[in-house]
>>> print(open('upload_30.txt').read())   # compact mmCIF, C-alpha atoms
# COMPACT_ATOMS: atom_id res chain seq x y z
CA MET A 1 7.96 19.36 -3.09
CA SER A 2 10.41 17.36 -5.19
CA GLY A 3 9.40 15.80 -8.50
CA HIS A 4 9.62 12.32 -6.98
CA GLU A 5 7.46 13.33 -4.04
CA LYS A 6 4.84 14.91 -6.31
CA LEU A 7 4.68 11.79 -8.49
CA LEU A 8 4.46 9.49 -5.45
CA ARG A 9 1.71 11.64 -3.95
CA ASP A 10 -0.21 11.88 -7.24
CA VAL A 11 -0.24 8.14 -7.86
CA THR A 12 -0.70 6.83 -4.30
CA SER A 13 -3.40 9.33 -3.37
CA THR A 14 -5.50 8.97 -6.54
CA GLN A 15 -5.50 5.19 -6.88
CA TYR A 16 -7.90 3.15 -4.78
CA PHE A 17 -6.17 -0.23 -5.06
CA ALA A 18 -2.76 -1.83 -4.82
CA VAL A 19 -1.36 -5.32 -5.24
CA LEU A 20 -0.02 -6.57 -1.92
CA SER A 21 2.69 -9.25 -1.99
CA THR A 22 3.42 -11.34 1.09
CA LEU A 23 5.47 -14.45 1.71
CA GLY A 24 4.28 -17.52 3.58
CA GLU A 25 5.92 -20.93 3.84
CA GLY A 26 8.43 -19.81 1.21
CA VAL A 27 5.70 -19.07 -1.34
CA PRO A 28 4.86 -15.57 -2.63
CA TYR A 29 1.20 -14.57 -2.45
CA SER A 30 -0.45 -11.51 -4.04
CA ASN A 31 -3.78 -9.83 -3.36
CA LEU A 32 -5.65 -6.74 -4.43
CA VAL A 33 -6.26 -4.42 -1.46
CA SER A 34 -7.92 -1.04 -0.98
CA LEU A 35 -5.21 1.47 -0.13
CA ALA A 36 -4.71 4.82 1.60
CA VAL A 37 -1.52 6.81 2.18
CA SER A 38 -0.40 9.09 5.03
CA ASP A 39 0.29 12.75 4.28
CA ASP A 40 4.04 12.25 4.71
CA LEU A 41 4.07 9.24 2.28
CA ARG A 42 5.85 7.13 4.93
CA SER A 43 2.87 4.87 5.64
CA LEU A 44 0.47 2.93 3.45
CA VAL A 45 -2.71 1.59 5.03
CA PHE A 46 -5.09 -1.24 4.15
CA ALA A 47 -7.57 -3.47 5.96
CA THR A 48 -7.84 -7.25 5.94
CA GLY A 49 -9.60 -9.97 7.81
CA ARG A 50 -7.52 -11.71 10.46
CA SER A 51 -8.52 -15.09 9.06
CA THR A 52 -7.04 -14.41 5.61
CA ARG A 53 -3.92 -15.99 4.18
CA LYS A 54 -2.31 -12.57 3.68
CA TYR A 55 -2.81 -11.71 7.36
CA VAL A 56 -1.33 -15.03 8.47
CA ASN A 57 1.60 -14.49 6.09
CA MET A 58 2.27 -11.00 7.51
CA GLN A 59 2.22 -12.37 11.07
CA GLY A 60 5.00 -14.78 10.10
CA ASN A 61 6.95 -12.35 7.90
CA SER A 62 6.13 -8.64 8.04
CA ASN A 63 8.20 -7.77 4.96
CA VAL A 64 5.80 -6.84 2.15
CA SER A 65 5.64 -4.95 -1.10
CA LEU A 66 2.74 -3.02 -2.58
CA LEU A 67 2.41 -2.19 -6.26
CA VAL A 68 0.35 0.88 -7.19
CA ASP A 69 0.00 2.05 -10.78
CA ASN A 70 -1.89 4.58 -12.85
CA ARG A 71 -2.51 2.56 -16.01
CA SER A 72 -5.73 3.02 -17.92
CA ASN A 73 -5.52 -0.17 -20.01
CA GLU A 74 -4.87 1.86 -23.16
CA PRO A 75 -1.96 1.55 -25.65
CA ALA A 76 -0.55 4.86 -24.40
CA ASP A 77 0.22 3.16 -21.08
CA ILE A 78 3.38 1.75 -22.64
CA SER A 79 4.99 5.18 -22.56
CA GLN A 80 2.87 7.05 -20.00
CA ALA A 81 1.91 4.71 -17.16
CA VAL A 82 3.88 4.66 -13.93
CA ALA A 83 4.13 1.73 -11.51
CA ILE A 84 5.28 2.35 -7.96
CA THR A 85 6.49 -0.44 -5.71
CA ALA A 86 6.57 0.32 -2.00
CA ILE A 87 8.78 -1.97 0.09
CA GLY A 88 8.31 -2.00 3.83
CA ILE A 89 7.17 -3.61 7.05
CA ALA A 90 3.46 -4.32 7.66
CA LEU A 91 2.20 -4.27 11.23
CA GLU A 92 -1.30 -4.16 12.64
CA GLU A 93 -2.32 -0.77 14.02
CA THR A 94 -2.61 -0.91 17.80
CA ASP A 95 -2.73 2.82 18.66
CA GLU A 96 -5.69 3.68 20.87
CA GLY A 97 -6.86 6.58 18.69
CA ARG A 98 -6.59 4.56 15.44
CA PRO A 99 -5.10 7.42 13.37
CA PHE A 100 -4.29 5.13 10.43
CA GLN A 101 -7.77 3.62 10.44
CA THR A 102 -9.06 7.20 10.17
CA ILE A 103 -6.78 7.86 7.17
CA PHE A 104 -8.09 4.69 5.53
CA LEU A 105 -11.77 5.49 6.21
CA ASN A 106 -11.38 9.05 4.92
CA LYS A 107 -10.51 7.54 1.53
CA HIS A 108 -12.80 4.51 1.74
CA PRO A 109 -15.87 5.50 3.82
CA HIS A 110 -17.91 2.76 2.10
CA LEU A 111 -15.74 0.17 3.93
CA LYS A 112 -16.58 1.45 7.43
CA GLN A 113 -18.60 -1.62 8.46
CA PHE A 114 -15.83 -3.98 7.27
CA VAL A 115 -13.05 -1.95 8.92
CA GLU A 116 -14.84 -1.70 12.26
CA ASP A 117 -15.63 -5.43 12.40
CA PRO A 118 -13.69 -7.10 15.26
CA GLY A 119 -12.31 -9.66 12.78
CA THR A 120 -10.68 -6.97 10.63
CA ALA A 121 -7.16 -5.64 11.12
CA THR A 122 -5.96 -2.23 9.96
CA MET A 123 -2.48 -2.84 8.58
CA VAL A 124 0.15 -0.10 8.37
CA VAL A 125 3.11 -0.49 6.04
CA THR A 126 6.09 1.61 7.08
CA VAL A 127 7.74 2.30 3.73
CA ARG A 128 11.52 1.83 3.53
CA GLU A 129 11.77 2.51 -0.18
CA TYR A 130 9.69 3.39 -3.21
CA ILE A 131 10.70 2.18 -6.66
CA ILE A 132 9.18 4.27 -9.45
CA ALA A 133 9.11 2.52 -12.82
CA GLY A 134 8.06 3.78 -16.22
CA PHE A 135 8.62 2.32 -19.66
CA ASP A 136 12.24 3.44 -19.98
CA ARG A 137 13.24 4.51 -16.48
CA THR A 138 13.41 3.27 -12.90
CA GLN A 139 14.16 5.42 -9.86
CA ARG A 140 14.59 4.47 -6.22
CA VAL A 141 13.47 6.78 -3.44
CA ALA A 142 14.61 5.82 0.07
CA MET A 143 12.42 7.07 2.90
CA SER A 144 14.70 8.48 5.59
CA ARG A 145 13.62 7.96 9.17
>>> encode(input="upload_30.txt", output="structure tokens")
Amino acid sequence: MSGHEKLLRDVTSTQYFAVLSTLGEGVPYSNLVSLAVSDDLRSLVFATGRSTRKYVNMQGNSNVSLLVDNRSNEPADISQAVAITAIGIALEETDEGRPFQTIFLNKHPHLKQFVEDPGTATMVVTVREYIIAGFDRTQRVAMSR
């Protein structure tokens, strides 16, 4: 496992939330979402109601970014915290077996009732690129297909 892959795995698998950014009617919109990641780091998963603004935005423009970080709100974060931006395409899971919903519920079992509600969509972001940013460094990691 490369250093980048280990860092991506450590941050995305240990954090429960991410900031999702969508675009609708030319206006950026950000939300906090519960997050899970696939084993191969190529997919990020979250759930949202179909009546939400973020869902409507993603139906019109599936390009999204997700920001995940490991800050602890302490002064040491200036030199130690890492923020990871994932850029990709968000589509609603339609697979019969719901493998991504299973990944999400394994991390967030307390959200089972919400996720299984007919008004909730399981969204899968296929990651094109990760951008890893620390205080004095930024690295890009393209996800090959």
>>> closest_residue(input="upload_30.txt", among="A:Met123, A:Leu8, A:Gly26, A:Val45", to="Asn106 in chain A", atoms="all atoms listed in the file")
A:Val45
>>> closest_residue(input="upload_30.txt", among="A:Thr52, A:Asn57, A:Thr102, A:Asn70", to="Val115 in chain A", atoms="all atoms listed in the file")
A:Thr102
>>> atom_distance(input="upload_30.txt", atom1="CA of Ser13 in chain A", atom2="CA of Asp39 in chain A")
9.2 Å
>>> residues_around(input="upload_30.txt", residues="Val68 in chain A", least_positions_apart="4", cutoff="12 Å", atoms="all atoms listed in the file", output="PyMOL selection string")
chain A and resi 7-21+32-37+44+81-87+130-133
>>> write_last_selection(input="upload_30.txt", atoms="C-alpha atoms", output="PDB file, keeping the file's coordinate frame")
ATOM      1  CA  LEU A   7       4.680  11.790  -8.490  1.00  0.00           C
ATOM      2  CA  LEU A   8       4.460   9.490  -5.450  1.00  0.00           C
ATOM      3  CA  ARG A   9       1.710  11.640  -3.950  1.00  0.00           C
ATOM      4  CA  ASP A  10      -0.210  11.880  -7.240  1.00  0.00           C
ATOM      5  CA  VAL A  11      -0.240   8.140  -7.860  1.00  0.00           C
ATOM      6  CA  THR A  12      -0.700   6.830  -4.300  1.00  0.00           C
ATOM      7  CA  SER A  13      -3.400   9.330  -3.370  1.00  0.00           C
ATOM      8  CA  THR A  14      -5.500   8.970  -6.540  1.00  0.00           C
ATOM      9  CA  GLN A  15      -5.500   5.190  -6.880  1.00  0.00           C
ATOM     10  CA  TYR A  16      -7.900   3.150  -4.780  1.00  0.00           C
ATOM     11  CA  PHE A  17      -6.170  -0.230  -5.060  1.00  0.00           C
ATOM     12  CA  ALA A  18      -2.760  -1.830  -4.820  1.00  0.00           C
ATOM     13  CA  VAL A  19      -1.360  -5.320  -5.240  1.00  0.00           C
ATOM     14  CA  LEU A  20      -0.020  -6.570  -1.920  1.00  0.00           C
ATOM     15  CA  SER A  21       2.690  -9.250  -1.990  1.00  0.00           C
ATOM     16  CA  LEU A  32      -5.650  -6.740  -4.430  1.00  0.00           C
ATOM     17  CA  VAL A  33      -6.260  -4.420  -1.460  1.00  0.00           C
ATOM     18  CA  SER A  34      -7.920  -1.040  -0.980  1.00  0.00           C
ATOM     19  CA  LEU A  35      -5.210   1.470  -0.130  1.00  0.00           C
ATOM     20  CA  ALA A  36      -4.710   4.820   1.600  1.00  0.00           C
ATOM     21  CA  VAL A  37      -1.520   6.810   2.180  1.00  0.00           C
ATOM     22  CA  LEU A  44       0.470   2.930   3.450  1.00  0.00           C
ATOM     23  CA  ALA A  81       1.910   4.710 -17.160  1.00  0.00           C
ATOM     24  CA  VAL A  82       3.880   4.660 -13.930  1.00  0.00           C
ATOM     25  CA  ALA A  83       4.130   1.730 -11.510  1.00  0.00           C
ATOM     26  CA  ILE A  84       5.280   2.350  -7.960  1.00  0.00           C
ATOM     27  CA  THR A  85       6.490  -0.440  -5.710  1.00  0.00           C
ATOM     28  CA  ALA A  86       6.570   0.320  -2.000  1.00  0.00           C
ATOM     29  CA  ILE A  87       8.780  -1.970   0.090  1.00  0.00           C
ATOM     30  CA  TYR A 130       9.690   3.390  -3.210  1.00  0.00           C
ATOM     31  CA  ILE A 131      10.700   2.180  -6.660  1.00  0.00           C
ATOM     32  CA  ILE A 132       9.180   4.270  -9.450  1.00  0.00           C
ATOM     33  CA  ALA A 133       9.110   2.520 -12.820  1.00  0.00           C
TER      34      ALA A 133
END
>>> residues_around(input="upload_30.txt", residues="Val125 in chain A", least_positions_apart="6", cutoff="6 Å", atoms="all atoms listed in the file", output="PyMOL selection string")
chain A and resi 43-44+88-90
>>> atom_distance(input="upload_30.txt", atom1="CA of Met58 in chain A", atom2="CA of Leu91 in chain A")
7.7 Å
>>> residues_around(input="upload_30.txt", residues="Gln59 in chain A", least_positions_apart="2", cutoff="12 Å", atoms="only C-alpha atoms", output="PyMOL selection string")
chain A and resi 22-25+50-57+61-64+89-92+121+123
>>> atom_distance(input="upload_30.txt", atom1="CA of Asp117 in chain A", atom2="CA of Glu93 in chain A")
14.2 Å
>>> closest_residue(input="upload_30.txt", among="A:Pro99, A:Val141, A:His108, A:Pro118", to="Ser38 in chain A", atoms="all atoms listed in the file")
A:Pro99
